[in-house]
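Have a look at model_15.cif below; it lists mmCIF, C-alpha atoms.
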```cif
data_data
loop_
_atom_site.label_atom_id
_atom_site.label_comp_id
_atom_site.auth_asym_id
_atom_site.auth_seq_id
_atom_site.Cartn_x
_atom_site.Cartn_y
_atom_site.Cartn_z
CA MET A 2 52.53 7.56 33.50
CA ASP A 3 50.95 8.43 30.15
CA GLU A 4 47.56 8.74 31.86
CA ALA A 5 48.93 11.13 34.49
CA ARG A 6 50.64 13.18 31.78
CA ARG A 7 47.36 13.45 29.85
CA VAL A 8 45.55 14.67 32.97
CA LEU A 9 48.20 17.32 33.59
CA GLU A 10 48.15 18.41 29.95
CA ARG A 11 44.35 18.67 30.05
CA LEU A 12 44.53 20.80 33.20
CA GLU A 13 47.02 23.12 31.50
CA SER A 14 44.77 23.32 28.45
CA ILE A 15 41.78 24.25 30.61
CA GLU A 16 43.84 26.93 32.34
CA ARG A 17 44.92 28.42 28.99
CA LEU A 18 41.38 28.37 27.65
CA ARG A 19 39.99 29.96 30.81
CA ASP A 20 42.66 32.65 30.80
CA GLY A 21 41.96 33.27 27.13
CA GLY A 22 38.26 33.81 27.75
CA ALA A 23 37.02 30.66 26.04
CA PRO A 24 33.25 30.13 26.03
CA ALA A 25 31.76 28.09 28.86
CA ALA A 26 30.72 25.31 26.49
CA ILE A 27 34.34 24.79 25.42
CA LEU A 28 35.55 24.79 29.04
CA LEU A 29 32.87 22.32 30.09
CA GLY A 30 33.82 20.02 27.23
CA GLU A 31 37.41 20.11 28.42
CA VAL A 32 36.36 19.42 32.02
CA ARG A 33 34.31 16.42 30.86
CA ALA A 34 37.32 15.13 28.93
CA LEU A 35 39.42 15.68 32.07
CA LEU A 36 37.02 13.50 34.05
CA ALA A 37 37.30 10.70 31.49
CA GLU A 38 41.10 10.92 31.53
CA GLY A 39 41.10 10.98 35.33
CA GLU A 40 38.99 7.83 35.39
CA ARG A 41 41.41 6.07 33.02
CA TRP A 42 44.30 7.14 35.26
CA LEU A 43 42.54 5.75 38.33
CA ALA A 44 41.88 2.47 36.53
CA CYS A 45 45.60 2.11 35.78
CA GLU A 46 46.77 3.02 39.29
CA GLY A 47 44.66 0.53 41.20
CA PRO A 48 42.65 0.96 44.38
CA GLU A 49 45.34 1.73 46.96
CA GLY A 50 45.69 5.34 48.10
CA LEU A 51 43.27 6.73 45.52
CA ASP A 52 40.26 7.46 47.71
CA SER A 53 40.79 11.22 47.66
CA ALA A 54 41.11 11.20 43.86
CA ARG A 55 37.85 9.27 43.57
CA VAL A 56 36.13 11.77 45.87
CA ALA A 57 37.40 14.66 43.73
CA LEU A 58 36.14 13.01 40.54
CA ASP A 59 32.76 12.37 42.15
CA ARG A 60 32.54 16.03 43.19
CA CYS A 61 33.32 17.11 39.63
CA ARG A 62 30.68 14.77 38.23
CA ALA A 63 28.09 16.03 40.71
CA GLU A 64 28.91 19.66 39.96
CA LEU A 65 28.54 19.09 36.22
CA ARG A 66 25.14 17.47 36.77
CA GLU A 67 23.77 20.06 39.20
CA PRO A 68 25.71 23.21 40.12
CA ALA A 69 25.68 24.06 43.83
CA SER A 70 23.55 27.10 43.16
CA ARG A 71 20.94 27.77 40.51
CA ASN A 72 22.65 31.15 40.03
CA THR A 73 26.03 29.57 39.32
CA THR A 74 27.24 30.34 35.82
CA ASP A 75 28.82 27.76 33.51
CA GLU A 76 32.09 29.68 33.77
CA GLU A 77 32.07 29.41 37.58
CA VAL A 78 31.34 25.68 37.41
CA ALA A 79 34.16 25.13 34.91
CA ALA A 80 36.60 27.16 36.99
CA ARG A 81 35.67 25.36 40.22
CA THR A 82 35.93 21.88 38.76
CA ALA A 83 39.19 22.60 36.94
CA LEU A 84 41.09 23.41 40.12
#
```
Translate the structure described by the file into structure tokens.
Amino acid sequence: MDEARRVLERLESIERLRDGGAPAAILLGEVRALLAEGERWLACEGPEGLDSARVALDRCRAELREPASRNTTDEEVAARTAL
């Protein structure tokens, strides 16, 4: 459960930073850390029933590599992947 708690705490941190107007670079760093924590959580939980979580992590990774639109700002990417 420590892994799940870390993921939830990271999500709350991202929300606070976003609401506080943190720079995109800070938000993206937090989202990257969230991905790493999510992967550790998945590793602890095992394969059963985690397909949707894996898909969500893959979407986040893809979005960080190449935003859906060339006109997408870092802030929009961070907000979309943090939800």
Apply the PyMOL selection byres ((chain A and resi 2-13) around 7) to the structure shown and report the selected residues as a list in words.
Ser14, Ile15, Glu16, Arg17, Leu35, Glu38, Gly39, Arg41, Trp42 and Ala83 of chain A
Exercise on region 22-28 of chain A, axis-aligned box with 8 Å per side, report centre and edge lengths in Å to one decimal, as JSON:
```
{"center_x": 34.5, "center_y": 29.3, "center_z": 27.2, "size_x": 23.5, "size_y": 25.0, "size_z": 19.6}
```
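Once Arg55 (chain A) and its same-chain neighbours fewer than 5 positions away are set aside, Glu40, Leu43 and Arg60 of chain A remain within 9 Å of it when counting all atoms listed in the file.
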Could you check how far CA of Ala34 (chain A) sits from CA of Asp59 (chain A), in Å to one decimal?
14.3 Å
